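Please read the structure below before turning to the comments.
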Amino acid sequence: MIIRAINAMRGPNYWSIRRHKLIVMVLDLEEMEQRPTNKIPGFRERLEALLPTMVEHRCSEKVEGGFFMRVDEGTWMGHVVEHIALEIQTLAGMDVGFGRTRGYGEEGVYHVVFAYMEEKVGVYAAKAAVRIAEALAEGKDYDLEADIQEMRELRESVRLGPSTGSIIEEAASRGIPWIRLNKYSLCQLGYGKNQKRIQATVTSETSSIAVELACDKEDTKFILEQAEVPVPKGDIIRTEAGLREAVDYVGYPLVIKPVNGNHGRGITANLNNWEDTLVAFHAAKEVSRTVIVERFIVGEDYRLLVIDYKLVAAAKRTPAGVTGDGKSTIQELIDLVNADPRRGYGHEKVLTQISVDAMTNNIIKEAGRTLETVLPAGEWMALKDTANLSTGGTSTDVTDIVHPYNVFMAERIAKIIGLDICGIDIMTSDISTPLHETGGAILEVNAGPGFRMHLAPSEGLPRNVAGAVVDMLFPPGVESRIPIIAVTGTNGKTTTTRLLAHIMRMKGFKVGYTTTDGVYIQNRLLMTGDCTGPASAEFVLKDPTVDFAVLESARGGLLRAGLGFKSCDVAIVTNVAPDHLGMKGIHTIEQLAKVKGVVPETVHAGGYAILNADDDLVYGMRKSVEANVALFSMDENNPRIKAIAKVGGLAAIYENGYITICRGDWKMRITKAVNVPLTFGGKAAFMIQNVLPAALAAYTRGVPLEDIKVALESFIPSPAQTPGRLNLFEFENFTVLLDYAHNAAGLRAVSHMIQKIECTKRVGIIAGVGDRRVEDTNEVGQVAAEAFDEVIIRQDKNLRGRTETEIIDMLADGIKMVDPNKNVKVIQKESEAIDYAIKNAIPGSLIVICSDVIPDALAQVQKYKEEEAERLNGFSRDDIPNLQPLV
């Protein structure tokens, strides 16, 4: 079997609107296509022996063991790979269950689709599942545990930590969108100007001074002492000589810890002799240049969590340890504890497995024991110096018993340090008694405190501490999103996007928008190229200066990774025409419509899906839309328009020469199409069709009709405003029209327009695209033959899988189908084709350039225009008004 491609979906996609995390693998079964599972001797037995837990896969049978029934009946290997990929992720601690296997459109080739939690793990699972299936088919042994462990380690290396993850989950549950900004824990909550950022449990609102202060334990201790907060007696040292002095000053028992440390690294507690103290000093020095020596406070370890200066949770922390039963060794007791299903690798579960490391071995050795020692019944033995959950410790929720004085003290400490999210470590014998009465002390104040002990304590009530963070960042009435209008379709997307951006910019919004030409922030081009995928959408949504987004969304990005946003306020579908068919498993126009239909399905319930009522496939999308539906049509008598009017719905129509919005039976005329420059005096019907949904979208966003009118009438098509979209250049003796038309539908729309332009001859420069079907390229040739008196065939820079000769022949064949005697010239280089057409233009002719590299073609035509202007428009001193004569 051969894996042709693996893509990771990260948003609403062709396979599922609601399941955003999907791996889509294109798998060629090769000879395995002829070997379903019931024709492979022993396959079922080997599969069940390797993965017995797959008995839980119900599959289409919807009963336990259903998938094994399918294997017995005979199913294809793509289906098997799908289920293996799901199961091995579950075995690695990532329980996923959604999968689909569908034909790709070629014999023996399938789309294998399955859910993932972490993208890198999902990609690994795809590859591993194929290896496993091949080994099972061939009867070879397979080391499954190696894959499981590799996936666990991959997960831990890329996943968000439990604290960050809890905040993200809480935000998502409230409909707050989020974006991960780096491979660590830096995340953005909200979009555009309304965004907030978090990094672990530090937020964009957290004081950097407070963080710096909390990270400096010496300064923290000094400030708390000044505020009469009880802290342990201690000193800061850097050398062994300083250590000796500190020991003499503080006295045993001691605790030694690095000044700049976290997660318990370098901390050693309950030191009672010089030898152990010296070892602990060097351990702390490995973490920090300066070391704290403090009096060891006897009592229990508590963590108080203060968020937005209010106590939200408290937990008692217990170091990793075991309790003897009088017959098991320490190692056996550790294994027994680690068998607890709540314990896992890293952060995969609520508790972490206890590892036997240098710290553990030292503690056991100091107790005069080994791992083979049998611990007496009932005796508890600590295996770590600190109570961190990440080293196997446990936590007990004590929020409800914290004494009011201790609550007051914790909230006051957070204010003194200035931390909006603050973890306070306390050592005391009883948290339900005021600290000054127990003789306890504040050990540390932590910036970025971990939430895990509060989210899932070993004992007691879990606390939704992440909710307090989200409440602080987005209190009631504070918006997290910005308006998003998404535009899709086969043709007209870019023009509609640009027009909408212009309308909203004139209303005072700071607009970010994506197009096939690039990404624009406040009308400044910041990225060039085809920017219609999810990465470009996120670029806009991450920009903190943007308060309105208009996002062109093309099929390529949707199939490659899904949408770059979870939901939008308005979606526009301009049309669906046969383009890009035969690519990425999309072979029919109905499948293409399903791809485009993803966009309107993401409109939230109160928004609008704006659909083309003149296009059957687009109109059909309304059945899958949960939002309001509005229609647009070039025909006011379209029955679909009349039907929506009867129910009081919204529509935009072209009637009696007007661009008109209809609400129910009421017509609200905006302006005549001839007054809209984009329509070229009403000649470009397809441009009128682009204006209608743009005007309707603006109306749904509350833009007054008068403002829409002004915006439509001030949007001037030009190389700067609409590059490559009907850019018209009037030369002295001829006219040049440059357009991006790259498929038959787009070229036909241009053809209808140019028939209304008077000229002596129509010359068209066209090209074919190598990854299109033969019939699609033939059709481009046919349309060109009907539209132009002379056709110049050039070639795209990127041949996309075909030779120049093949593409040229397909275009020529299409031309011959219409007119075998058509004047056709082949000039493969676009710049040379443009030079030839312009230099040989006859008076009154119209040259239409269908370009794929718009900037280059524009620059070339503009150069000719500039040269003509210099020749025709030169002036002398006598032509300058009021110019004083030279002395």
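Starting from 1 in every chain, residues are counted up; chains themselves are A, B, ... following the order of the structure tokens, and ligands are numbered from 1 as listed.
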
**Request:** Excluding range 146-149 of chain A and any residue of its chain fewer than 4 positions from it, enumerate the residues within 9 Å of it, using only C-alpha atoms, and give them as a VMD selection string.
**Result:** chain A and resid 88 to 89 91 to 93 124 to 125 128 153 to 154

**Request:** Please provide the set of residues having any atom within 7 Å of range 606-616 of chain A, restricted to only C-alpha atoms, with same-chain residues fewer than 5 positions apart removed, written as a PyMOL selection string.
**Result:** chain A and resi 569-575+600+627-633+640+693

**Request:** Between A:Thr515, A:Thr735, A:Asn675, A:Ser390, single out the one closest to Lys709 in chain A, counting only C-alpha atoms.
**Result:** A:Asn675

**Request:** With a distance cut-off of 10 Å and only C-alpha atoms, select the neighbouring residues of Gly768 in chain A, excluding the residue or stretch itself and same-chain residues fewer than 2 positions from it, and output the selection as an NGL selection string.
**Result:** :A and (742-743 or 766 or 770-772 or 774 or 776-778 or 780-781 or 793-796 or 799 or 804 or 806-811)

**Request:** Could you find all residues in range 239-468 of chain A that DSSP calls alpha helix (DSSP H) from the backbone, and write them as an MDAnalysis selection string?
**Result:** chainID A and resid 240:250 274:285 330:338 358:366 404:417 435:438 452:455 465:468

**Request:** Could you check which of A:Glu73, A:Glu713, A:Glu205, A:Asp530 is closest to Gly681 in chain A, using only C-alpha atoms?
**Result:**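 Comparing A:Glu73, A:Glu713, A:Glu205, A:Asp530 against Gly681 in chain A, the winner is A:Glu713.
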
**Prompt:** Hey, what's within 9 Å of Glu300 in chain A if we count only C-alpha atoms and toss same-chain stuff fewer than 6 positions away? As a PyMOL selection string, please?
**Reply:** chain A and resi 316-318+426-431

Near range 33-40 of chain A, counting only C-alpha atoms, which residues have an atom at most 8 Å away, once you skip same-chain residues fewer than 4 positions from it, shown as an mmCIF file with N, CA, C and O atoms, in the first residue's frame?
data_model
loop_
_atom_site.group_PDB
_atom_site.id
_atom_site.type_symbol
_atom_site.label_atom_id
_atom_site.label_comp_id
_atom_site.auth_asym_id
_atom_site.auth_seq_id
_atom_site.Cartn_x
_atom_site.Cartn_y
_atom_site.Cartn_z
ATOM 1 N N LEU A 29 -4.361 1.206 -2.215
ATOM 2 C CA LEU A 29 -4.221 -0.165 -1.725
ATOM 3 C C LEU A 29 -3.369 -1.036 -2.640
ATOM 4 O O LEU A 29 -2.937 -2.126 -2.213
ATOM 5 N N ARG A 44 -8.135 -12.140 10.656
ATOM 6 C CA ARG A 44 -8.991 -11.783 11.803
ATOM 7 C C ARG A 44 -8.327 -12.197 13.115
ATOM 8 O O ARG A 44 -8.297 -11.427 14.087
ATOM 9 N N VAL A 71 -14.863 -7.660 9.388
ATOM 10 C CA VAL A 71 -13.614 -8.295 8.956
ATOM 11 C C VAL A 71 -13.893 -9.720 8.490
ATOM 12 O O VAL A 71 -13.354 -10.180 7.472
ATOM 13 N N ASP A 72 -14.750 -10.423 9.228
ATOM 14 C CA ASP A 72 -15.100 -11.796 8.837
ATOM 15 C C ASP A 72 -15.834 -11.829 7.501
ATOM 16 O O ASP A 72 -15.598 -12.710 6.663
ATOM 17 N N GLU A 73 -16.732 -10.872 7.314
ATOM 18 C CA GLU A 73 -17.496 -10.812 6.059
ATOM 19 C C GLU A 73 -16.612 -10.438 4.885
ATOM 20 O O GLU A 73 -16.867 -10.827 3.745
ATOM 21 N N GLY A 74 -15.579 -9.643 5.182
ATOM 22 C CA GLY A 74 -14.686 -9.166 4.125
ATOM 23 C C GLY A 74 -14.826 -7.674 3.940
ATOM 24 O O GLY A 74 -15.850 -7.194 3.454
ATOM 25 N N THR A 75 -13.827 -6.952 4.381
ATOM 26 C CA THR A 75 -13.806 -5.505 4.192
ATOM 27 C C THR A 75 -12.441 -5.120 3.655
ATOM 28 O O THR A 75 -11.467 -5.868 3.801
ATOM 29 N N TRP A 76 -12.343 -3.935 3.037
ATOM 30 C CA TRP A 76 -11.085 -3.555 2.397
ATOM 31 C C TRP A 76 -10.112 -2.940 3.410
ATOM 32 O O TRP A 76 -10.492 -2.457 4.469
ATOM 33 N N MET A 77 -8.855 -2.972 3.023
ATOM 34 C CA MET A 77 -7.796 -2.612 3.959
ATOM 35 C C MET A 77 -7.853 -1.146 4.383
ATOM 36 O O MET A 77 -7.404 -0.814 5.479
ATOM 37 N N GLY A 108 -9.123 1.358 -6.333
ATOM 38 C CA GLY A 108 -8.199 0.952 -5.286
ATOM 39 C C GLY A 108 -7.641 2.077 -4.442
ATOM 40 O O GLY A 108 -6.781 1.840 -3.597
ATOM 41 N N ALA A 137 -1.398 -8.532 7.426
ATOM 42 C CA ALA A 137 -1.723 -9.203 6.167
ATOM 43 C C ALA A 137 -0.637 -10.204 5.772
ATOM 44 O O ALA A 137 -0.921 -11.263 5.202
#

**Item:** Contacts of range 408-410 of chain A within 9 Å, only C-alpha atoms, excl. fewer than 4 positions in-chain, as a list in words
**Value:** Val229, Leu304, Leu305, Val306, Tyr309, Lys310, Leu311, His403, Pro404, Ala414, Lys415, Ile424 and Leu435 of chain A

Kindly save the residues from that selection, with N, CA, C and O atoms included, as a compact mmCIF listing (two decimals), in the first residue's frame.
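out29.txt, freshly written:
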# COMPACT_ATOMS: atom_id res chain seq x y z
N VAL A 229 3.73 39.63 56.72
CA VAL A 229 3.25 38.31 56.32
C VAL A 229 4.26 37.29 56.85
O VAL A 229 5.47 37.44 56.63
N LEU A 304 -2.82 27.66 47.81
CA LEU A 304 -4.01 28.51 47.70
C LEU A 304 -3.94 29.23 46.36
O LEU A 304 -2.92 29.83 46.04
N LEU A 305 -5.02 29.15 45.59
CA LEU A 305 -5.06 29.77 44.27
C LEU A 305 -5.95 31.00 44.30
O LEU A 305 -7.14 30.91 44.64
N VAL A 306 -5.37 32.13 43.93
CA VAL A 306 -6.10 33.39 43.91
C VAL A 306 -6.16 33.88 42.47
O VAL A 306 -5.12 34.03 41.82
N TYR A 309 -7.70 38.36 42.27
CA TYR A 309 -7.60 38.79 43.67
C TYR A 309 -8.70 38.22 44.57
O TYR A 309 -9.04 38.80 45.59
N LYS A 310 -9.22 37.05 44.14
CA LYS A 310 -10.20 36.34 44.96
C LYS A 310 -9.75 34.89 45.08
O LYS A 310 -9.36 34.27 44.09
N LEU A 311 -9.83 34.32 46.29
CA LEU A 311 -9.48 32.92 46.47
C LEU A 311 -10.51 32.04 45.77
O LEU A 311 -11.71 32.16 46.03
N HIS A 403 -9.75 28.86 56.60
CA HIS A 403 -10.22 29.85 57.57
C HIS A 403 -10.33 31.23 56.90
O HIS A 403 -9.47 31.60 56.09
N PRO A 404 -11.37 32.00 57.23
CA PRO A 404 -11.53 33.32 56.61
C PRO A 404 -10.29 34.21 56.76
O PRO A 404 -9.99 35.00 55.84
N ALA A 414 -1.76 38.39 47.12
CA ALA A 414 -1.88 38.56 45.67
C ALA A 414 -1.85 40.04 45.30
O ALA A 414 -1.21 40.45 44.31
N LYS A 415 -2.51 40.86 46.10
CA LYS A 415 -2.51 42.31 45.86
C LYS A 415 -1.13 42.92 46.11
O LYS A 415 -0.67 43.79 45.37
N ILE A 424 -0.18 30.47 46.01
CA ILE A 424 0.51 30.74 47.28
C ILE A 424 0.72 29.42 48.02
O ILE A 424 -0.24 28.70 48.32
N LEU A 435 -3.26 31.29 60.30
CA LEU A 435 -1.86 30.93 60.15
C LEU A 435 -1.03 31.37 61.36
O LEU A 435 -0.14 30.65 61.81

**Item:** Residue set, range 121-288 of chain A restricted to strand (DSSP E), as a list in words
**Value:** Trp178, Ile179, Arg180, Leu186, Cys187, Gln188, Leu189, Lys196, Arg197, Ile198, Gln199, Val202, Thr203, Gly234, Asp235, Ile236, Ile237, Leu254, Val255, Ile256, Lys257, Pro258, Thr268, Ala269, Asn270 and Leu271 of chain A

**Request:** Mind checking which residues fall within 12 Å of Ile482 in chain A, counting only C-alpha atoms, ignoring those fewer than 2 positions away in the same chain, and posting them as a PyMOL selection string?
**Result:** chain A and resi 176-177+189-195+478-480+484-485+509-512+540-550+565+567-570

**Of the listed residues A:Thr660, A:Asn821, A:Asn840, A:Thr438, that which approaches Val763 in chain A most closely, counting only C-alpha atoms** =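 Among the listed residues, the smallest separation from Val763 in chain A belongs to A:Asn840.
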
**Asked** Could you state the separation of CA of Arg802 in chain A and CA of Asp739 in chain A in Å, given to one decimal place?
**Response**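 Atom-to-atom, CA of Arg802 in chain A to CA of Asp739 in chain A, that is 23.8 Å.
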
What are the closest atom pairs, with distances in Å to one decimal, for all residues of range 410-436 of chain A lying within 12 Å of range 456-468 of chain A? Consider only C-alpha atoms, order rows by chain and residue number, and present the result as a Markdown table.
| residue | atom | partner | partner_atom | distance |
| --- | --- | --- | --- | --- |
| A:Asp420 | CA | A:Ala468 | CA | 10.8 |
| A:Ile421 | CA | A:Ala468 | CA | 9.6 |
| A:Cys422 | CA | A:Val465 | CA | 11.7 |
| A:Gly423 | CA | A:Val465 | CA | 11.9 |

Once you have the residues from the selection above, write them out as a tab-separated table (two decimals), in the first residue's frame, restricted to all heavy atoms.
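Saved the output as selection-v2.tsv:
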chain	number	residue	atom	x	y	z
A	420	ASP	N	-2.50	38.77	39.15
A	420	ASP	CA	-3.91	38.49	38.95
A	420	ASP	C	-4.21	37.00	39.00
A	420	ASP	O	-5.33	36.58	39.30
A	420	ASP	CB	-4.41	39.09	37.63
A	420	ASP	CG	-3.63	38.60	36.42
A	420	ASP	OD1	-2.61	37.90	36.60
A	420	ASP	OD2	-4.03	38.93	35.29
A	421	ILE	N	-3.22	36.16	38.71
A	421	ILE	CA	-3.35	34.71	38.89
A	421	ILE	C	-2.17	34.28	39.75
A	421	ILE	O	-1.02	34.35	39.31
A	421	ILE	CB	-3.36	33.95	37.55
A	421	ILE	CG1	-4.52	34.43	36.67
A	421	ILE	CG2	-3.48	32.45	37.79
A	421	ILE	CD1	-4.57	33.79	35.29
A	422	CYS	N	-2.45	33.87	40.96
A	422	CYS	CA	-1.41	33.75	41.97
A	422	CYS	C	-1.55	32.44	42.74
A	422	CYS	O	-2.62	32.13	43.25
A	422	CYS	CB	-1.53	34.95	42.91
A	422	CYS	SG	-0.33	35.00	44.24
A	423	GLY	N	-0.47	31.67	42.80
A	423	GLY	CA	-0.45	30.45	43.59
A	423	GLY	C	0.40	30.68	44.84
A	423	GLY	O	1.57	31.05	44.74

**Coordinates-based distance that separates CA of Ala115 in chain A from CA of Val55 in chain A (Å, one decimal)** =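 Here the two named atoms are 18.8 Å from each other.
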
**Item:** Closest of A:Glu61, A:Glu411, A:Glu779, A:Glu538 to Tyr513 in chain A - atom-to-atom distances counting only C-alpha atoms
**Value:**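 Among the listed residues, A:Glu538 lies closest to Tyr513 in chain A.
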